[in-house]
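Next comes target-v6.txt, with compact mmCIF, C-alpha atoms and all ligand atoms.
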```
# COMPACT_ATOMS: atom_id res chain seq x y z
CA MET A 149 -39.44 -20.97 -49.35
CA PHE A 150 -42.77 -22.49 -48.36
CA ASN A 151 -44.40 -20.96 -45.34
CA THR A 152 -47.70 -19.67 -44.00
CA SER A 153 -46.38 -16.14 -43.51
CA ILE A 154 -43.42 -13.92 -44.39
CA ILE A 155 -41.41 -11.24 -42.63
CA GLN A 156 -40.39 -8.27 -44.74
CA LEU A 157 -37.42 -6.05 -43.93
CA SER A 158 -37.30 -2.53 -45.34
CA ARG A 159 -33.89 -1.44 -46.57
CA ALA A 160 -34.96 2.20 -46.77
CA ALA A 161 -36.20 2.23 -43.16
CA LEU A 162 -32.97 0.72 -41.88
CA LYS A 163 -30.87 3.22 -43.84
CA SER A 164 -32.87 6.03 -42.36
CA ASN A 165 -32.47 4.67 -38.81
CA PHE A 166 -28.71 4.35 -39.11
CA GLU A 167 -28.44 7.83 -40.60
CA TYR A 168 -30.38 9.22 -37.68
CA LEU A 169 -28.40 7.29 -35.09
CA LYS A 170 -25.02 8.12 -36.63
CA ASN A 171 -25.95 11.74 -36.74
CA TYR A 172 -27.07 11.76 -33.10
CA ILE A 173 -24.18 9.70 -31.77
CA GLY A 174 -21.52 11.45 -33.81
CA GLY A 175 -18.60 10.32 -35.92
CA ASN A 176 -16.15 9.55 -33.13
CA VAL A 177 -18.18 6.82 -31.51
CA LYS A 178 -18.35 3.43 -33.17
CA ILE A 179 -21.72 1.74 -33.50
CA SER A 180 -21.78 -1.97 -32.84
CA SER A 181 -24.95 -3.50 -34.20
CA VAL A 182 -26.35 -5.94 -31.63
CA VAL A 183 -27.82 -8.92 -33.48
CA LYS A 184 -28.35 -11.48 -30.72
CA GLY A 185 -31.72 -13.26 -30.58
CA ASN A 186 -31.69 -13.77 -34.37
CA ALA A 187 -31.24 -10.01 -34.84
CA TYR A 188 -34.21 -9.39 -32.53
CA GLY A 189 -36.25 -11.67 -34.76
CA HIS A 190 -35.33 -9.89 -37.99
CA GLY A 191 -33.12 -12.78 -39.12
CA ILE A 192 -29.34 -12.61 -38.64
CA GLU A 193 -28.33 -13.39 -42.23
CA PRO A 194 -30.42 -10.86 -44.16
CA TYR A 195 -30.14 -8.29 -41.40
CA VAL A 196 -26.34 -8.14 -41.10
CA LYS A 197 -26.04 -7.82 -44.87
CA LEU A 198 -28.39 -4.84 -44.83
CA ALA A 199 -26.57 -3.29 -41.87
CA GLN A 200 -23.27 -3.66 -43.68
CA GLU A 201 -24.74 -1.86 -46.69
CA CYS A 202 -25.49 0.96 -44.25
CA GLY A 203 -21.82 1.16 -43.29
CA ILE A 204 -21.89 -0.96 -40.13
CA ASN A 205 -18.87 -3.21 -39.66
CA HIS A 206 -19.02 -4.21 -36.00
CA PHE A 207 -21.55 -6.76 -34.76
CA SER A 208 -22.33 -7.97 -31.25
CA VAL A 209 -23.86 -11.35 -30.52
CA TYR A 210 -24.61 -13.33 -27.41
CA SER A 211 -22.95 -16.63 -28.27
CA ALA A 212 -20.57 -18.46 -30.60
CA ASP A 213 -23.32 -20.02 -32.74
CA GLU A 214 -24.61 -16.53 -33.54
CA ALA A 215 -21.07 -15.32 -34.27
CA LEU A 216 -20.65 -18.13 -36.78
CA ARG A 217 -23.88 -17.12 -38.52
CA VAL A 218 -22.79 -13.49 -38.80
CA LYS A 219 -19.38 -14.49 -40.10
CA THR A 220 -20.84 -16.87 -42.68
CA ALA A 221 -23.36 -14.33 -43.90
CA LEU A 222 -20.86 -11.53 -44.51
CA LYS A 223 -18.19 -11.44 -47.17
CA LYS A 224 -16.73 -8.00 -46.49
CA LYS A 225 -14.47 -7.49 -43.50
CA ASN A 226 -16.19 -6.97 -40.18
CA ASP A 227 -15.62 -7.36 -36.47
CA ILE A 228 -17.72 -9.71 -34.37
CA MET A 229 -17.94 -9.59 -30.58
CA ILE A 230 -19.42 -12.31 -28.36
CA MET A 231 -20.88 -10.72 -25.23
CA GLY A 232 -22.10 -13.80 -23.42
CA PHE A 233 -21.63 -17.51 -23.80
CA ILE A 234 -18.71 -19.16 -25.48
CA ASP A 235 -17.82 -22.68 -24.49
CA ASN A 236 -14.21 -23.52 -23.84
CA ASP A 237 -14.47 -25.87 -26.84
CA GLU A 238 -15.41 -22.95 -29.04
CA LEU A 239 -12.56 -20.67 -28.00
CA GLU A 240 -10.13 -22.12 -30.51
CA TRP A 241 -12.50 -21.38 -33.36
CA ALA A 242 -12.99 -17.84 -32.10
CA ILE A 243 -9.28 -17.15 -31.70
CA ASN A 244 -8.43 -18.63 -35.11
CA ASN A 245 -11.11 -16.52 -36.73
CA LYS A 246 -10.31 -13.28 -34.91
CA ILE A 247 -13.68 -13.23 -33.20
CA GLU A 248 -13.65 -10.91 -30.16
CA PHE A 249 -15.18 -12.17 -26.95
CA TYR A 250 -15.97 -11.00 -23.44
CA VAL A 251 -13.94 -12.41 -20.58
CA PHE A 252 -15.53 -12.28 -17.13
CA ASP A 253 -14.05 -15.27 -15.34
CA PHE A 254 -10.60 -16.76 -14.80
CA ASP A 255 -11.45 -20.05 -16.43
CA ARG A 256 -12.17 -18.44 -19.78
CA LEU A 257 -9.20 -16.11 -19.44
CA GLU A 258 -6.79 -18.95 -18.75
CA LYS A 259 -8.19 -21.18 -21.49
CA ALA A 260 -7.91 -18.31 -23.97
CA ILE A 261 -4.25 -17.83 -23.02
CA GLU A 262 -3.58 -21.54 -23.37
CA ILE A 263 -5.12 -21.69 -26.85
CA ALA A 264 -3.39 -18.49 -27.93
CA LYS A 265 -0.11 -20.12 -26.93
CA GLN A 266 -0.89 -23.25 -28.95
CA THR A 267 -2.18 -21.50 -32.04
CA LYS A 268 0.33 -18.62 -31.85
CA LYS A 269 -2.54 -16.20 -32.40
CA ARG A 270 -3.54 -13.54 -29.92
CA ALA A 271 -6.98 -13.77 -28.36
CA LEU A 272 -8.99 -10.59 -28.92
CA ILE A 273 -10.71 -9.96 -25.61
CA HIS A 274 -13.01 -7.48 -23.94
CA ILE A 275 -12.64 -7.50 -20.18
CA GLU A 276 -16.05 -7.11 -18.61
CA VAL A 277 -16.06 -5.64 -15.13
CA GLU A 278 -18.74 -5.70 -12.45
CA THR A 279 -20.06 -2.24 -11.64
CA GLY A 280 -23.39 -2.98 -9.99
CA MET A 281 -25.62 -5.07 -12.22
CA ASN A 282 -24.43 -8.29 -10.60
CA ARG A 283 -24.67 -10.32 -13.73
CA THR A 284 -21.39 -11.06 -15.52
CA GLY A 285 -18.15 -9.12 -14.98
CA PHE A 286 -15.04 -9.40 -12.78
CA GLY A 287 -15.70 -8.08 -9.30
CA SER A 288 -13.42 -5.43 -7.82
CA ARG A 289 -11.53 -7.89 -5.62
CA ARG A 290 -10.50 -9.89 -8.68
CA LEU A 291 -9.12 -6.99 -10.69
CA GLY A 292 -5.62 -7.16 -9.19
CA LYS A 293 -5.26 -10.74 -10.34
CA VAL A 294 -6.79 -9.97 -13.75
CA LEU A 295 -4.24 -7.20 -14.29
CA GLU A 296 -1.42 -9.47 -13.22
CA ILE A 297 -2.44 -12.25 -15.64
CA VAL A 298 -3.06 -9.83 -18.48
CA LYS A 299 0.32 -8.15 -18.07
CA LYS A 300 2.14 -11.46 -17.90
CA ASN A 301 0.48 -12.65 -21.12
CA SER A 302 0.48 -9.50 -23.22
CA ASP A 303 1.93 -11.46 -26.14
CA LYS A 304 -1.10 -13.79 -26.12
CA LEU A 305 -3.88 -11.33 -25.45
CA GLU A 306 -5.02 -8.22 -27.19
CA ILE A 307 -7.12 -6.13 -24.84
CA ILE A 308 -9.59 -4.75 -27.34
CA GLY A 309 -12.04 -3.41 -24.81
CA LEU A 310 -12.96 -2.70 -21.23
CA CYS A 311 -16.69 -2.83 -20.73
CA THR A 312 -19.70 -3.12 -18.46
CA HIS A 313 -23.49 -3.14 -18.81
CA TYR A 314 -26.00 -0.85 -17.07
CA ALA A 315 -28.82 -2.31 -15.03
CA GLY A 316 -31.73 -0.55 -16.73
CA ALA A 317 -30.77 2.77 -18.29
CA GLU A 318 -34.22 2.90 -19.93
CA SER A 319 -35.85 4.10 -16.71
CA ILE A 320 -35.11 7.28 -14.79
CA SER A 321 -36.00 5.40 -11.60
CA ASN A 322 -32.69 3.57 -11.99
CA TYR A 323 -30.70 6.79 -12.38
CA VAL A 324 -28.75 6.59 -9.13
CA ARG A 325 -27.79 2.99 -9.68
CA ILE A 326 -26.73 3.62 -13.29
CA HIS A 327 -24.73 6.66 -12.38
CA ASN A 328 -22.89 4.79 -9.67
CA GLN A 329 -22.03 2.15 -12.23
CA TYR A 330 -20.65 4.83 -14.54
CA GLU A 331 -18.41 6.19 -11.80
CA ILE A 332 -17.20 2.79 -10.71
CA PHE A 333 -16.40 1.96 -14.34
CA ASN A 334 -14.32 5.10 -14.77
CA LYS A 335 -12.37 4.32 -11.61
CA ILE A 336 -11.62 0.84 -12.89
CA TYR A 337 -10.56 2.21 -16.26
CA ASN A 338 -8.15 4.61 -14.55
CA LYS A 339 -6.75 1.76 -12.48
CA PHE A 340 -6.06 -0.20 -15.68
CA ILE A 341 -4.29 2.79 -17.24
CA LYS A 342 -2.23 3.36 -14.10
CA GLU A 343 -1.16 -0.27 -14.19
CA GLY A 344 -0.04 0.13 -17.79
CA VAL A 345 -2.87 -1.90 -19.34
CA LYS A 346 -4.57 0.22 -21.97
CA PRO A 347 -7.65 -1.27 -23.60
CA ARG A 348 -8.06 -0.10 -27.17
CA ILE A 349 -11.62 1.04 -26.45
CA LYS A 350 -14.05 1.35 -23.55
CA HIS A 351 -17.75 0.79 -23.95
CA THR A 352 -20.73 0.66 -21.61
CA ALA A 353 -23.84 1.96 -23.39
CA SER A 354 -26.68 0.05 -25.00
CA SER A 355 -29.53 1.86 -26.80
CA ALA A 356 -31.03 3.53 -23.74
CA ALA A 357 -27.79 4.85 -22.25
CA ALA A 358 -26.53 5.98 -25.67
CA MET A 359 -29.63 8.12 -26.20
CA THR A 360 -30.39 9.35 -22.69
CA TYR A 361 -26.86 9.85 -21.33
CA PRO A 362 -24.63 10.83 -24.27
CA TYR A 363 -21.58 11.08 -21.97
CA MET A 364 -21.82 7.31 -21.50
CA GLN A 365 -21.20 6.67 -25.21
CA MET A 366 -17.39 6.56 -24.76
CA ASP A 367 -15.66 4.86 -27.75
CA MET A 368 -18.42 2.52 -28.85
CA VAL A 369 -22.14 1.98 -28.28
CA ARG A 370 -23.79 -1.43 -28.47
CA VAL A 371 -27.04 -0.59 -30.20
CA GLY A 372 -29.75 -3.24 -30.32
CA ILE A 373 -33.41 -2.29 -30.25
CA LEU A 374 -33.04 1.24 -31.71
CA GLN A 375 -31.63 0.17 -35.07
CA TYR A 376 -34.77 -1.91 -35.64
CA GLY A 377 -36.86 1.21 -35.09
CA PHE A 378 -38.05 0.58 -31.54
CA TRP A 379 -37.35 2.42 -28.30
CA PRO A 380 -36.09 0.63 -25.18
CA SER A 381 -38.98 2.20 -23.26
CA LEU A 382 -41.60 4.91 -23.57
CA GLU A 383 -39.50 7.01 -21.18
CA THR A 384 -36.47 6.88 -23.45
CA PHE A 385 -38.62 7.93 -26.40
CA ILE A 386 -40.24 10.84 -24.57
CA ASP A 387 -36.93 12.01 -23.14
CA HIS A 388 -35.45 12.00 -26.64
CA ILE A 389 -38.20 13.85 -28.49
CA ALA A 390 -38.37 16.42 -25.71
CA LYS A 391 -34.61 16.98 -25.88
CA LYS A 392 -34.63 17.26 -29.67
CA LYS A 393 -37.85 19.30 -29.70
CA ILE A 394 -39.41 17.02 -32.29
CA HIS A 395 -42.95 15.67 -32.34
CA GLU A 396 -42.63 12.52 -34.35
CA ASP A 397 -40.73 9.32 -33.91
CA PRO A 398 -37.48 9.78 -35.88
CA LEU A 399 -37.04 6.01 -36.18
CA LYS A 400 -38.81 3.71 -38.60
CA ARG A 401 -39.86 0.12 -38.00
CA ILE A 402 -38.16 -2.04 -40.57
CA LEU A 403 -40.10 -5.26 -40.03
CA GLU A 404 -43.53 -6.24 -41.32
CA TRP A 405 -45.17 -9.60 -40.78
CA LYS A 406 -47.69 -10.76 -43.38
CA SER A 407 -49.85 -13.73 -44.20
CA LYS A 408 -52.91 -14.49 -46.33
CA VAL A 409 -56.53 -15.43 -45.86
CA MET A 410 -56.65 -19.23 -46.07
CA SER A 411 -60.44 -19.50 -46.34
CA THR A 412 -63.65 -17.78 -45.27
CA LYS A 413 -66.90 -19.01 -43.76
CA ASN A 414 -70.34 -17.70 -42.90
CA VAL A 415 -71.51 -18.45 -39.37
CA LYS A 416 -75.11 -18.24 -38.14
CA MET A 417 -76.18 -16.23 -35.13
CA GLY A 418 -76.13 -18.36 -31.97
CA GLU A 419 -73.26 -20.63 -33.05
CA PHE A 420 -69.93 -20.91 -31.25
CA ILE A 421 -66.78 -20.31 -33.28
CA GLY A 422 -63.60 -22.34 -32.71
CA TYR A 423 -62.75 -24.46 -29.67
CA GLY A 424 -65.14 -24.61 -26.75
CA ASN A 425 -67.35 -21.68 -25.98
CA TYR A 426 -64.88 -18.80 -26.08
CA PHE A 427 -66.80 -16.99 -28.79
CA LEU A 428 -70.51 -16.89 -29.52
CA ALA A 429 -71.77 -15.35 -32.77
CA GLU A 430 -74.36 -12.82 -31.61
CA ARG A 431 -75.39 -12.13 -35.18
CA ASN A 432 -74.81 -13.72 -38.57
CA MET A 433 -71.11 -13.36 -39.26
CA LYS A 434 -68.45 -13.90 -41.86
CA VAL A 435 -65.07 -15.01 -40.60
CA ALA A 436 -61.67 -15.42 -42.26
CA LEU A 437 -59.08 -18.01 -41.31
CA ILE A 438 -55.40 -17.05 -41.21
CA PRO A 439 -52.72 -19.74 -41.01
CA ILE A 440 -50.64 -18.35 -38.15
CA GLY A 441 -50.98 -19.21 -34.47
CA TYR A 442 -49.10 -19.53 -31.21
CA SER A 443 -46.53 -21.87 -32.79
CA HIS A 444 -45.57 -18.87 -34.93
CA GLY A 445 -45.12 -16.61 -31.93
CA PHE A 446 -48.65 -15.19 -31.95
CA SER A 447 -49.44 -15.37 -28.26
CA ARG A 448 -52.45 -17.38 -27.09
CA SER A 449 -53.20 -14.54 -24.69
CA LEU A 450 -54.46 -12.61 -27.74
CA SER A 451 -57.47 -14.92 -27.96
CA ASN A 452 -60.63 -12.81 -28.50
CA THR A 453 -58.54 -9.60 -28.32
CA GLY A 454 -55.78 -9.52 -30.98
CA ARG A 455 -56.17 -7.66 -34.26
CA VAL A 456 -54.86 -7.90 -37.83
CA LEU A 457 -55.35 -5.82 -40.99
CA ILE A 458 -57.29 -7.04 -44.02
CA ARG A 459 -58.20 -4.77 -46.95
CA GLY A 460 -56.83 -1.86 -44.95
CA GLN A 461 -59.24 -2.44 -42.05
CA ARG A 462 -58.57 -3.55 -38.49
CA VAL A 463 -60.34 -6.81 -37.68
CA GLY A 464 -60.53 -8.65 -34.38
CA ILE A 465 -59.72 -12.23 -33.49
CA VAL A 466 -62.68 -14.36 -32.49
CA GLY A 467 -62.19 -17.31 -30.19
CA THR A 468 -58.88 -18.78 -29.15
CA VAL A 469 -55.56 -18.50 -30.91
CA ASN A 470 -54.86 -22.04 -32.17
CA MET A 471 -51.46 -23.59 -32.71
CA ASN A 472 -51.39 -22.73 -36.43
CA LEU A 473 -54.48 -20.64 -36.95
CA ILE A 474 -56.46 -17.58 -35.97
CA ILE A 475 -60.03 -16.71 -36.94
CA VAL A 476 -61.00 -13.07 -37.50
CA ASP A 477 -64.33 -11.32 -37.91
CA VAL A 478 -64.64 -9.83 -41.41
CA SER A 479 -68.42 -9.29 -41.35
CA SER A 480 -68.05 -5.54 -41.83
CA ILE A 481 -65.68 -5.72 -44.81
CA PRO A 482 -67.29 -6.59 -48.11
CA GLY A 483 -65.67 -9.08 -50.43
CA VAL A 484 -62.97 -10.61 -48.24
CA ARG A 485 -61.79 -13.81 -49.87
CA LYS A 486 -59.15 -16.48 -49.95
CA GLY A 487 -55.73 -15.08 -50.83
CA ASP A 488 -56.31 -11.58 -49.46
CA SER A 489 -53.19 -10.13 -47.88
CA VAL A 490 -53.18 -10.02 -44.06
CA VAL A 491 -50.90 -7.79 -42.02
CA ILE A 492 -50.07 -9.08 -38.56
CA ILE A 493 -47.44 -6.44 -37.81
CA GLY A 494 -47.08 -3.41 -40.06
CA LYS A 495 -49.09 -1.07 -42.24
CA GLN A 496 -51.90 -1.54 -44.71
CA GLY A 497 -53.75 1.43 -46.12
CA LYS A 498 -54.07 4.04 -43.39
CA ASN A 499 -53.92 1.60 -40.52
CA GLU A 500 -51.02 0.04 -38.65
CA ILE A 501 -50.63 -2.81 -36.19
CA THR A 502 -47.69 -1.97 -34.00
CA VAL A 503 -45.49 -4.15 -31.86
CA GLN A 504 -46.41 -1.68 -29.12
CA SER A 505 -50.03 -2.82 -29.33
CA PHE A 506 -48.94 -6.40 -28.66
CA MET A 507 -47.19 -5.14 -25.56
CA GLN A 508 -50.40 -3.65 -24.29
CA MET A 509 -52.57 -6.64 -25.08
CA SER A 510 -50.29 -9.54 -24.24
CA ASN A 511 -47.88 -8.08 -21.68
CA GLN A 512 -44.86 -8.85 -23.87
CA LEU A 513 -41.92 -6.49 -24.07
CA ASN A 514 -41.11 -5.49 -27.66
CA TYR A 515 -37.74 -7.21 -27.14
CA GLU A 516 -39.54 -10.44 -26.26
CA LEU A 517 -42.11 -10.42 -29.03
CA LEU A 518 -39.53 -9.68 -31.71
CA SER A 519 -36.93 -12.19 -30.62
CA ARG A 520 -39.54 -14.93 -30.39
CA LEU A 521 -40.58 -14.60 -34.03
CA PRO A 522 -39.77 -18.05 -35.35
CA GLY A 523 -36.53 -18.40 -37.27
CA ASN A 524 -38.14 -20.44 -40.02
CA ILE A 525 -40.47 -17.73 -41.31
CA PRO A 526 -38.82 -16.47 -44.53
CA ARG A 527 -37.27 -13.01 -44.24
CA ILE A 528 -37.61 -11.00 -47.44
CA VAL A 529 -35.84 -7.71 -48.07
CA THR A 530 -37.79 -4.90 -49.75
CA ASP A 531 -36.52 -1.49 -50.89
C1 LIG B 1 -28.64 -6.82 -25.52
C2 LIG B 1 -27.46 -6.05 -25.11
C3 LIG B 1 -27.24 -4.77 -25.64
C4 LIG B 1 -28.24 -4.07 -26.55
O1 LIG B 1 -29.36 -3.65 -25.82
P1 LIG B 1 -30.46 -2.70 -26.49
O2 LIG B 1 -31.27 -2.22 -25.34
O3 LIG B 1 -31.26 -3.55 -27.40
O4 LIG B 1 -29.74 -1.64 -27.21
C5 LIG B 1 -26.06 -4.13 -25.29
N1 LIG B 1 -25.17 -4.71 -24.45
C6 LIG B 1 -25.36 -5.94 -23.92
C7 LIG B 1 -24.33 -6.50 -23.01
C8 LIG B 1 -26.52 -6.64 -24.22
O5 LIG B 1 -26.72 -7.83 -23.68
```
Translate the structure of the given file into structure tokens.
Amino acid sequence: MFNTSIIQLSRAALKSNFEYLKNYIGGNVKISSVVKGNAYGHGIEPYVKLAQECGINHFSVYSADEALRVKTALKKKNDIMIMGFIDNDELEWAINNKIEFYVFDFDRLEKAIEIAKQTKKRALIHIEVETGMNRTGFGSRRLGKVLEIVKKNSDKLEIIGLCTHYAGAESISNYVRIHNQYEIFNKIYNKFIKEGVKPRIKHTASSAAAMTYPYMQMDMVRVGILQYGFWPSLETFIDHIAKKKIHEDPLKRILEWKSKVMSTKNVKMGEFIGYGNYFLAERNMKVALIPIGYSHGFSRSLSNTGRVLIRGQRVGIVGTVNMNLIIVDVSSIPGVRKGDSVVIIGKQGKNEITVQSFMQMSNQLNYELLSRLPGNIPRIVTD
């Protein structure tokens, strides 16, 4: 695996996160591990194997290509649920392979029934209903027809779930909206039951709702960001530690991103470093070159401001972030040389570069930064 950097995943940290989450959420609620966006940048294949070692056997993805990757990576039995896009052409594959998928329009519902009829296998569906986010989900005026179709085709459909998604449970400022959604969802669920259609499970909560509003956990929670050791928002984190009366983050980051010093150079006072005149050496300096840049997901907006760790010390980027390269000031650290380990995200010695710090300096959400980590950087599991 040739590359200019590696991403390490800590098995111990993930184990600890799942233990914490299982303990908080309780034994009666299933945890679905959300691994869309290449497992939030952690790498679907290594990540789902680790999660399965931690006792997870339900995975949620956005689309059929991701479902195929999860299925191929795992040997032991597991359930896979597609929450977003599945092309009509891909439905047959999903139904044949017992992949669960969301249904939120009549076209998909009817196609699924048609294929189930042909293949003589039932489609495993989750009916997503609109409760106020106005994204996907059947609106209230459509539910009568949905129920009618579902009842007529009960031999071709297995209603695994009834579900919805909250429009921002990570912020208290959305409380009224979220709570309305919760109430609308319960009304719809009761309507289904009254009509004799009983979904096997109901689920609405992602990480934020699962932590902040435990009554929204229902039968299953779709946990994304938390399992990787990050909080959906600062608010969610503060709310949680206040509730639990703890002072430290109970979750551990499992990902570290590392590279190496490619070469070093001494630069005289008065010289510019890198492209153009973004950085002027105001004294004699020693700089180190690191072979990662914006093509590797290291945002160009970190020019002259980003930091990495070398020999346990924080060092700053000088000049612009290049496509495949950054230059850092190592003048104050004696002995830096080619081959020295560089931490871009993670710990070295007593210092740590957090994903949070990227949020502050480059205005990227942790979700965004993680999921944009390029898929071709090797992911390596450590204990
Ligand atoms: C992404 C997603 C989740 C997981 O969200 P987190 O905030 O990462 O826990 C859950 N449900 C749906 C429908 C999603 O799209």
Could you list, as a PyMOL selection string, all the residues within 9 Å of ligand LIG 1 (chain B), counting all atoms listed in the file? chain A and resi 180-185+188+208-210+231-232+311-314+316-318+352-358+369-375+378-380+515
Distance of CA of Thr412 (chain A) from CA of Phe427 (chain A), expressed in Å to one decimal place: 16.8 Å
Quick one: everything within 8 Å of Ile154 (chain A), counting all atoms listed in the file, minus sequence neighbours fewer than 3 positions away in the same chain. Send it as a list in words. Asn151, Trp405, Lys406, Ser407, Ile525, Pro526, Arg527 and Ile528 of chain A
Quick one, how far is CA of Glu306 (chain A) from CA of Asp237 (chain A)? 20.0 Å
To one decimal in Å, tell me the separation between CA of Lys268 (chain A) and CA of Val298 (chain A).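 Computing the Euclidean distance for CA of Lys268 (chain A) and CA of Val298 (chain A) yields 16.4 Å.
Considering all atoms listed in the file, the residue among A:Lys393, A:Glu238, A:Gln200, A:Glu404 positioned nearest to Ala221 (chain A) is A:Gln200.
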